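Q: My structure is below; once you've seen it, I'll send some questions.
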Amino acid sequence: MELSAENSADAVAALCRAMLRPVESASALREIESLLERLRHAPPDERAACATQLGRLTGDADPVLRLSAMAAITGDLRRYDELLDLIEPEFGCPDLDRLLHIYCCMGRQLFLMRMDGASRPGFFEDRLFPCYTRLIDAIRDRLAIAPQPRPAGNPATGRVVLVTNQFLSLRHQPSRDLLSYAAVLEERCGREVVILNTNIMPADIHSLFVPSFASSVEPAFDGKQVIEADGRSFRMLSSTGRGLSREKIDWFLRAVDWHDPDVVVSLGGSVIVADLLAAARPTLCIPTTSGATPSLAGIVLDFGGGSRPASGPLAASWRPFRFLHSLIGEAEPAPSRAAGRAGYGLPDDAFLCLVIGNRLDEEADGAFLAMLESLIDRAPRVAVAFAGEAGALPQRLQRSRHAGRLFHLGYVTDMADLMQMADAYVNPQRTGGGASAAEALAAGVVPVSLPVGDVSAVIGARFVVPDYAAAVERLALLAGDPAIFAEAAAEARSRGAGRADPAEAAAALSRYLDEAVELHGGGGGKQIYK
């Protein structure tokens, strides 16, 4: 809900007081972030004034806290320019965890689409990617990391090492995608796969950057593991050590030397262990989200629907590709839609819109909920179900004037079953969501999305609308005209069937793995695997 000018002034004053006190606990940082969140929803013409006033009154605050807070209010990337200038001297200091924390917090805000790209065109190419490169160099220099090159002319081993920043569980979509790619590499590309779960993202707070970020670590995944899923088993080496250390990184590098893979494959961007190896071994990166990917790999695949950058750090390494989402598969036929909806506590006669995500508290924001309320005003038979864990969302839904048509289901284990209950898949403005969008297409659920992020790359222009007002029009039309809805559902299924399948992805991956070996110069010729 937008603040009045008077309330904005009060919020700025409270924020200044909180920032000027010693920030020595997680609760103090959370208080600052809560006050920031209120200001982020102030009327647009007030945000810049609020940030300016905040900067003027908090000159004695921690400079990282001050600049990141001003950026959080306005979305102005020029504040991140200033912040990067500020920490430049720290690349020569020993506290690498602080630099990594600031970099990851910055990247998190960009991923959540909280920043205004137009405020600083070229930020990724000019600032963020060079910052990441400096960070890799600093880790190598400060920790005396020296990956051993693969000797030229070594025969192909038929192995790949698949490196990830974070493997959590099969409830975590990127972890499911990792195992999907491991299966494709082994069963369709003929490669032997070893997974490295590096957990090299900040698991603790090392700076006063706001909003802060700390990654999750699964304690059970430590040391040598065998991961079993869908009747398959995969070998995984995992470290739950917190923070950057030479011992932790060396353990993974020794594992790479021992397994001697033909190619080191990273899943996702900013995979530090893989990028430390980029000069020593053939490397390939499979992004897990749309947009530019921070990676030093010799080949960086596209997520889907993009085009080769005309310039910048990925102009030479980029290759066309469509991310292979791990789909939900075939569902058992439900006894009836009425019985299925009743099981979820959903109205049988509704035109059911489904919203899916694991960051619903952030992504289903005020603007998105206001759009849904406008939709229900126009089409009262619409109901909306939210699938995914969330802490604050249920109370926000209860405060809506259409609370009786908004349902939070929590985490849903059987997504295939839920998809059979839905009519439309509605996407808030966000970067992620590609996997659930692919699942919706496969089930013939009609997607509606803004032209940004992973979902728009997956569903295609046919199902994209320019803004939330157009989303209301589109969804109201689908809810009110059965013939138009049936046509759209058929198109969704057709689009789903035409997306990359495992065989297509495997053929492309095999070509790019061979090309990575050639580019590195250590393969002596193409190594063909089928």
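We name chains A, B, ... following the order of the structure tokens; residues begin at 1 in each chain, and ligands are numbered from 1 as shown.
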For Val160 (chain A), find every residue with an atom within 7 Å (counting only C-alpha atoms), except residues of its own chain fewer than 3 positions away, and show them as a list in words.
A: Arg191, Glu192, Val193, Val194, Pro261, Asp262, Val263, Val264 and Val265 of chain A
Q: Just write the chosen residues, C-alpha atoms, as an mmCIF file, in the first residue's frame.
A:
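So the final result, stored in result13.cif, reads:
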data_model
loop_
_atom_site.group_PDB
_atom_site.id
_atom_site.type_symbol
_atom_site.label_atom_id
_atom_site.label_comp_id
_atom_site.auth_asym_id
_atom_site.auth_seq_id
_atom_site.Cartn_x
_atom_site.Cartn_y
_atom_site.Cartn_z
ATOM 1 C CA ARG A 191 28.975 -38.995 -19.865
ATOM 2 C CA GLU A 192 29.831 -40.066 -16.360
ATOM 3 C CA VAL A 193 28.779 -37.317 -13.934
ATOM 4 C CA VAL A 194 30.129 -36.280 -10.554
ATOM 5 C CA PRO A 261 36.684 -34.551 -16.434
ATOM 6 C CA ASP A 262 36.722 -33.621 -20.087
ATOM 7 C CA VAL A 263 34.622 -30.543 -19.213
ATOM 8 C CA VAL A 264 33.704 -28.703 -16.021
ATOM 9 C CA VAL A 265 30.019 -27.755 -16.264
#
Q: Applying 12 Å and only C-alpha atoms, which residues near Pro89 (chain A) remain after dropping the ones on its own chain fewer than 4 positions away? List them as a VMD selection string.
A: chain A and resid 83 to 85 93 to 95 99 134 138
Q: Deliver the residues from the most recent selection as a file, using C-alpha atoms, as a CSV table (one decimal), in the first residue's frame.
A:
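Generated output (again_25.csv):
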chain,number,residue,atom,x,y,z
A,83,LEU,CA,29.1,1.4,-3.6
A,84,LEU,CA,31.4,-0.5,-6.0
A,85,ASP,CA,33.7,2.5,-6.1
A,93,CYS,CA,42.3,-6.9,1.8
A,94,PRO,CA,41.9,-10.3,3.4
A,95,ASP,CA,38.2,-10.2,4.1
A,99,LEU,CA,33.2,-8.7,-0.7
A,134,ARG,CA,38.0,-9.0,-9.6
A,138,ALA,CA,41.1,-11.9,-5.3
Q: If you run DSSP on this backbone, which residues of region 196-359 of chain A come out as strand (DSSP E), and could you give them as a PyMOL selection string?
A: chain A and resi 196-197+223-229+232-238+263-267+283-286+299-301+318-319+351-356
Q: What's the 6 Å shell around Leu67 (chain A), counting only C-alpha atoms, without same-chain residues fewer than 3 positions away, as a PyMOL selection string?
A: chain A and resi 64+70+79
Q: Would you mind listing what lies within 9 Å of region 493-506 of chain A as a PyMOL selection string, with only C-alpha atoms counted and same-chain residues fewer than 2 positions away left out?
A: chain A and resi 181+184-185+188-189+321-325+438-446+458-460+488-491+508-511+530
Q: Rounded to one decimal in Å, what is the spacing between CA of Ala457 (chain A) and CA of Ser307 (chain A)?
A: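 Going from CA of Ala457 (chain A) over to CA of Ser307 (chain A) covers 11.6 Å.
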Q: Please build the interface table for region 377-445 of chain A against region 336-340 of chain A with a cut-off of 10 Å, listing for each qualifying residue the nearest atom pair and the distance in Å to one decimal; count only C-alpha atoms, order rows by chain and increasing number, and write it as JSON lines.
A:
{"residue": "A:Asp417", "atom": "CA", "partner": "A:Gly340", "partner_atom": "CA", "distance": 7.9}
{"residue": "A:Leu418", "atom": "CA", "partner": "A:Gly340", "partner_atom": "CA", "distance": 8.0}
{"residue": "A:Gln420", "atom": "CA", "partner": "A:Arg337", "partner_atom": "CA", "distance": 7.5}
{"residue": "A:Met421", "atom": "CA", "partner": "A:Arg337", "partner_atom": "CA", "distance": 6.0}
{"residue": "A:Ala422", "atom": "CA", "partner": "A:Arg337", "partner_atom": "CA", "distance": 9.2}
Q: So, counting only C-alpha atoms, which residue among A:Ala479, A:Met201, A:Ala71, A:Ala437 is closest to Leu244 (chain A)?
A: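 Comparing A:Ala479, A:Met201, A:Ala71, A:Ala437 against Leu244 (chain A), the winner is A:Met201.
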Q: So which bits of region 443-481 of chain A end up helix (DSSP H, G or I) when you DSSP the backbone, as a list of chain:residue names?
A: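 Answer for region 443-481 of chain A, restricted to helix (DSSP H, G or I): A:Ala443, A:Gly453, A:Asp454, A:Val455, A:Ser456, A:Ala457, A:Val458, A:Ile459, A:Ala461, A:Arg462, A:Phe463, A:Tyr468, A:Ala469, A:Ala470, A:Ala471, A:Val472, A:Glu473, A:Arg474, A:Leu475, A:Ala476, A:Leu477, A:Leu478, A:Ala479, A:Gly480.
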Q: Can you write out the residues you just picked, keeping N, CA and C atoms, as a PDB file, in the first residue's frame?
A:
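Now in result_34.pdb:
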ATOM      1  N   ALA A 443       0.452 -28.827 -19.118  1.00  0.00           N
ATOM      2  CA  ALA A 443      -0.874 -29.216 -18.631  1.00  0.00           C
ATOM      3  C   ALA A 443      -2.000 -28.495 -19.346  1.00  0.00           C
ATOM      4  N   GLY A 453      11.665 -11.658 -17.599  1.00  0.00           N
ATOM      5  CA  GLY A 453      12.021 -12.811 -16.793  1.00  0.00           C
ATOM      6  C   GLY A 453      11.902 -14.144 -17.490  1.00  0.00           C
ATOM      7  N   ASP A 454      12.100 -15.193 -16.686  1.00  0.00           N
ATOM      8  CA  ASP A 454      12.151 -16.557 -17.196  1.00  0.00           C
ATOM      9  C   ASP A 454      10.830 -17.002 -17.800  1.00  0.00           C
ATOM     10  N   VAL A 455       9.724 -16.613 -17.173  1.00  0.00           N
ATOM     11  CA  VAL A 455       8.423 -17.089 -17.638  1.00  0.00           C
ATOM     12  C   VAL A 455       8.156 -16.626 -19.062  1.00  0.00           C
ATOM     13  N   SER A 456       8.425 -15.360 -19.359  1.00  0.00           N
ATOM     14  CA  SER A 456       8.160 -14.875 -20.718  1.00  0.00           C
ATOM     15  C   SER A 456       9.037 -15.584 -21.731  1.00  0.00           C
ATOM     16  N   ALA A 457      10.271 -15.956 -21.331  1.00  0.00           N
ATOM     17  CA  ALA A 457      11.149 -16.691 -22.246  1.00  0.00           C
ATOM     18  C   ALA A 457      10.617 -18.083 -22.538  1.00  0.00           C
ATOM     19  N   VAL A 458       9.919 -18.667 -21.568  1.00  0.00           N
ATOM     20  CA  VAL A 458       9.400 -20.027 -21.716  1.00  0.00           C
ATOM     21  C   VAL A 458       8.087 -20.044 -22.489  1.00  0.00           C
ATOM     22  N   ILE A 459       7.169 -19.141 -22.175  1.00  0.00           N
ATOM     23  CA  ILE A 459       5.811 -19.251 -22.727  1.00  0.00           C
ATOM     24  C   ILE A 459       5.686 -18.639 -24.115  1.00  0.00           C
ATOM     25  N   ALA A 461       5.728 -15.111 -26.923  1.00  0.00           N
ATOM     26  CA  ALA A 461       5.055 -13.818 -27.040  1.00  0.00           C
ATOM     27  C   ALA A 461       3.531 -13.938 -27.037  1.00  0.00           C
ATOM     28  N   ARG A 462       2.997 -15.069 -27.478  1.00  0.00           N
ATOM     29  CA  ARG A 462       1.538 -15.243 -27.572  1.00  0.00           C
ATOM     30  C   ARG A 462       0.850 -15.044 -26.229  1.00  0.00           C
ATOM     31  N   PHE A 463       1.537 -15.384 -25.142  1.00  0.00           N
ATOM     32  CA  PHE A 463       0.918 -15.344 -23.825  1.00  0.00           C
ATOM     33  C   PHE A 463       1.440 -14.199 -22.956  1.00  0.00           C
ATOM     34  N   TYR A 468       0.148  -4.854 -16.130  1.00  0.00           N
ATOM     35  CA  TYR A 468      -0.885  -5.481 -15.315  1.00  0.00           C
ATOM     36  C   TYR A 468      -2.297  -5.103 -15.773  1.00  0.00           C
ATOM     37  N   ALA A 469      -2.477  -3.905 -16.294  1.00  0.00           N
ATOM     38  CA  ALA A 469      -3.808  -3.532 -16.800  1.00  0.00           C
ATOM     39  C   ALA A 469      -4.210  -4.457 -17.941  1.00  0.00           C
ATOM     40  N   ALA A 470      -3.261  -4.752 -18.831  1.00  0.00           N
ATOM     41  CA  ALA A 470      -3.542  -5.676 -19.933  1.00  0.00           C
ATOM     42  C   ALA A 470      -3.759  -7.097 -19.416  1.00  0.00           C
ATOM     43  N   ALA A 471      -3.094  -7.455 -18.328  1.00  0.00           N
ATOM     44  CA  ALA A 471      -3.302  -8.780 -17.736  1.00  0.00           C
ATOM     45  C   ALA A 471      -4.735  -8.923 -17.246  1.00  0.00           C
ATOM     46  N   VAL A 472      -5.263  -7.863 -16.635  1.00  0.00           N
ATOM     47  CA  VAL A 472      -6.662  -7.901 -16.193  1.00  0.00           C
ATOM     48  C   VAL A 472      -7.587  -8.122 -17.381  1.00  0.00           C
ATOM     49  N   GLU A 473      -7.359  -7.385 -18.472  1.00  0.00           N
ATOM     50  CA  GLU A 473      -8.204  -7.527 -19.665  1.00  0.00           C
ATOM     51  C   GLU A 473      -8.135  -8.945 -20.216  1.00  0.00           C
ATOM     52  N   ARG A 474      -6.921  -9.469 -20.315  1.00  0.00           N
ATOM     53  CA  ARG A 474      -6.731 -10.806 -20.887  1.00  0.00           C
ATOM     54  C   ARG A 474      -7.400 -11.873 -20.025  1.00  0.00           C
ATOM     55  N   LEU A 475      -7.176 -11.830 -18.738  1.00  0.00           N
ATOM     56  CA  LEU A 475      -7.730 -12.846 -17.850  1.00  0.00           C
ATOM     57  C   LEU A 475      -9.256 -12.741 -17.763  1.00  0.00           C
ATOM     58  N   ALA A 476      -9.780 -11.524 -17.766  1.00  0.00           N
ATOM     59  CA  ALA A 476     -11.238 -11.357 -17.742  1.00  0.00           C
ATOM     60  C   ALA A 476     -11.862 -11.944 -19.004  1.00  0.00           C
ATOM     61  N   LEU A 477     -11.179 -11.770 -20.144  1.00  0.00           N
ATOM     62  CA  LEU A 477     -11.678 -12.338 -21.396  1.00  0.00           C
ATOM     63  C   LEU A 477     -11.661 -13.858 -21.346  1.00  0.00           C
ATOM     64  N   LEU A 478     -10.571 -14.435 -20.846  1.00  0.00           N
ATOM     65  CA  LEU A 478     -10.475 -15.890 -20.743  1.00  0.00           C
ATOM     66  C   LEU A 478     -11.539 -16.445 -19.800  1.00  0.00           C
ATOM     67  N   ALA A 479     -11.777 -15.727 -18.696  1.00  0.00           N
ATOM     68  CA  ALA A 479     -12.763 -16.198 -17.727  1.00  0.00           C
ATOM     69  C   ALA A 479     -14.190 -16.074 -18.254  1.00  0.00           C
ATOM     70  N   GLY A 480     -14.421 -15.135 -19.180  1.00  0.00           N
ATOM     71  CA  GLY A 480     -15.781 -14.871 -19.631  1.00  0.00           C
ATOM     72  C   GLY A 480     -16.171 -15.505 -20.942  1.00  0.00           C
TER      73      GLY A 480
END
Q: Which is closer to Asn154 (chain A) than all the others in A:Ile356, A:Val517, A:Ala279, A:Asn197, using only C-alpha atoms?
A: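 Smallest separation from Asn154 (chain A) among the options: A:Val517.
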Q: Which residues, written as a JSON list (two decimals) with all heavy atoms, in the first residue's frame, have at least one atom at most 10 Å from Arg127 (chain A), with only C-alpha atoms counted and residues fewer than 3 positions away on the same chain left out?
A:
[["chain", "number", "residue", "atom", "x", "y", "z"],
["A", 80, "TYR", "N", 24.65, 1.78, -6.69],
["A", 80, "TYR", "CA", 25.54, 0.63, -6.71],
["A", 80, "TYR", "C", 26.88, 0.99, -7.36],
["A", 80, "TYR", "O", 27.93, 0.45, -6.99],
["A", 80, "TYR", "CB", 24.89, -0.54, -7.44],
["A", 80, "TYR", "CG", 23.82, -1.26, -6.64],
["A", 80, "TYR", "CD1", 23.12, -2.32, -7.21],
["A", 80, "TYR", "CD2", 23.51, -0.89, -5.34],
["A", 80, "TYR", "CE1", 22.13, -3.00, -6.50],
["A", 80, "TYR", "CE2", 22.53, -1.56, -4.62],
["A", 80, "TYR", "CZ", 21.83, -2.60, -5.21],
["A", 80, "TYR", "OH", 20.87, -3.28, -4.50],
["A", 81, "ASP", "N", 26.85, 1.88, -8.34],
["A", 81, "ASP", "CA", 28.11, 2.41, -8.88],
["A", 81, "ASP", "C", 28.96, 3.00, -7.76],
["A", 81, "ASP", "O", 30.16, 2.72, -7.64],
["A", 81, "ASP", "CB", 27.83, 3.49, -9.92],
["A", 81, "ASP", "CG", 27.78, 2.96, -11.34],
["A", 81, "ASP", "OD1", 28.39, 1.91, -11.60],
["A", 81, "ASP", "OD2", 27.14, 3.59, -12.19],
["A", 84, "LEU", "N", 30.31, 0.26, -5.43],
["A", 84, "LEU", "CA", 31.44, -0.47, -6.00],
["A", 84, "LEU", "C", 32.71, 0.37, -5.98],
["A", 84, "LEU", "O", 33.81, -0.16, -5.76],
["A", 84, "LEU", "CB", 31.10, -0.92, -7.42],
["A", 84, "LEU", "CG", 30.06, -2.04, -7.52],
["A", 84, "LEU", "CD1", 29.67, -2.30, -8.96],
["A", 84, "LEU", "CD2", 30.58, -3.32, -6.88],
["A", 85, "ASP", "N", 32.58, 1.66, -6.21],
["A", 85, "ASP", "CA", 33.75, 2.54, -6.08],
["A", 85, "ASP", "C", 34.26, 2.53, -4.64],
["A", 85, "ASP", "O", 35.47, 2.51, -4.39],
["A", 85, "ASP", "CB", 33.38, 3.98, -6.47],
["A", 85, "ASP", "CG", 33.15, 4.14, -7.96],
["A", 85, "ASP", "OD1", 33.63, 3.30, -8.73],
["A", 85, "ASP", "OD2", 32.46, 5.11, -8.34],
["A", 122, "GLY", "N", 23.94, -0.59, -19.04],
["A", 122, "GLY", "CA", 25.24, -1.25, -19.10],
["A", 122, "GLY", "C", 25.83, -1.60, -17.76],
["A", 122, "GLY", "O", 27.03, -1.90, -17.67],
["A", 123, "PHE", "N", 25.02, -1.63, -16.71],
["A", 123, "PHE", "CA", 25.57, -1.89, -15.38],
["A", 123, "PHE", "C", 26.21, -3.28, -15.30],
["A", 123, "PHE", "O", 27.28, -3.43, -14.71],
["A", 123, "PHE", "CB", 24.47, -1.76, -14.32],
["A", 123, "PHE", "CG", 24.95, -2.05, -12.92],
["A", 123, "PHE", "CD1", 25.66, -1.10, -12.21],
["A", 123, "PHE", "CD2", 24.67, -3.27, -12.31],
["A", 123, "PHE", "CE1", 26.13, -1.36, -10.93],
["A", 123, "PHE", "CE2", 25.12, -3.54, -11.03],
["A", 123, "PHE", "CZ", 25.84, -2.59, -10.34],
["A", 124, "PHE", "N", 25.56, -4.29, -15.88],
["A", 124, "PHE", "CA", 26.14, -5.64, -15.82],
["A", 124, "PHE", "C", 27.50, -5.67, -16.50],
["A", 124, "PHE", "O", 28.49, -6.16, -15.93],
["A", 124, "PHE", "CB", 25.20, -6.65, -16.49],
["A", 124, "PHE", "CG", 25.80, -8.03, -16.62],
["A", 124, "PHE", "CD1", 25.79, -8.91, -15.55],
["A", 124, "PHE", "CD2", 26.39, -8.44, -17.81],
["A", 124, "PHE", "CE1", 26.37, -10.16, -15.67],
["A", 124, "PHE", "CE2", 26.97, -9.69, -17.93],
["A", 124, "PHE", "CZ", 26.95, -10.56, -16.86],
["A", 130, "PRO", "N", 32.74, -7.02, -14.17],
["A", 130, "PRO", "CA", 34.11, -6.74, -13.73],
["A", 130, "PRO", "C", 34.32, -6.95, -12.22],
["A", 130, "PRO", "O", 35.38, -7.40, -11.79],
["A", 130, "PRO", "CB", 34.32, -5.28, -14.13],
["A", 130, "PRO", "CG", 33.42, -5.09, -15.30],
["A", 130, "PRO", "CD", 32.20, -5.92, -14.98],
["A", 131, "CYS", "N", 33.29, -6.63, -11.41],
["A", 131, "CYS", "CA", 33.39, -6.88, -9.98],
["A", 131, "CYS", "C", 33.53, -8.37, -9.70],
["A", 131, "CYS", "O", 34.35, -8.78, -8.87],
["A", 131, "CYS", "CB", 32.15, -6.33, -9.26],
["A", 131, "CYS", "SG", 32.04, -6.74, -7.50],
["A", 132, "TYR", "N", 32.76, -9.19, -10.41],
["A", 132, "TYR", "CA", 32.86, -10.64, -10.22],
["A", 132, "TYR", "C", 34.24, -11.15, -10.65],
["A", 132, "TYR", "O", 34.84, -11.97, -9.96],
["A", 132, "TYR", "CB", 31.76, -11.34, -11.02],
["A", 132, "TYR", "CG", 31.80, -12.85, -10.89],
["A", 132, "TYR", "CD1", 31.57, -13.45, -9.66],
["A", 132, "TYR", "CD2", 32.07, -13.66, -11.98],
["A", 132, "TYR", "CE1", 31.61, -14.83, -9.52],
["A", 132, "TYR", "CE2", 32.12, -15.03, -11.86],
["A", 132, "TYR", "CZ", 31.88, -15.62, -10.62],
["A", 132, "TYR", "OH", 31.94, -16.98, -10.49]]
Q: In terms of the shortest atom-to-atom distance over only C-alpha atoms, which of A:Ala118, A:Cys16, A:Ala229, A:Ala183 is closest to Gly55 (chain A)?
A: A:Cys16
Q: Any idea what the distance is between CA of Asp177 (chain A) and CA of Arg319 (chain A)?
A: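 Taking CA of Asp177 (chain A) and CA of Arg319 (chain A), their separation equals 19.6 Å.
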Q: Using only C-alpha atoms, find the one residue out of A:Leu86, A:Ala297, A:Ala146, A:Ala424 that sits nearest to Ala486 (chain A).
A: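 Using only C-alpha atoms, the shortest distance to Ala486 (chain A) belongs to A:Ala424.
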Q: Separation of CA of Asn427 (chain A) and CA of Leu450 (chain A), in Å?
A: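 Distance between the two atoms: 7.3 Å.
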Q: I'd like the contact shell of region 401-414 of chain A - 7 Å cut-off, only C-alpha atoms, skipping same-chain residues fewer than 4 positions apart - returned as a list in words.
A: Glu373, Ala383, Val384, Ala385, Phe386, Ala387, Gly388, Glu389, Ala390, Pro394, Leu397 and Leu418 of chain A
Q: Looking at A:Met419, A:Val448, A:Leu39, A:Ala278, which one is nearest to Leu519 (chain A), with distances taken over only C-alpha atoms?
A: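 Among the listed residues, the smallest separation from Leu519 (chain A) belongs to A:Ala278.
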Q: Which residue out of A:Arg56, A:Arg98, A:Arg47, A:Arg232 has the minimum interatomic distance to Ile73 (chain A) when only C-alpha atoms are used?
A: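 Looking only at the distances to Ile73 (chain A), the closest residue turns out to be A:Arg47.
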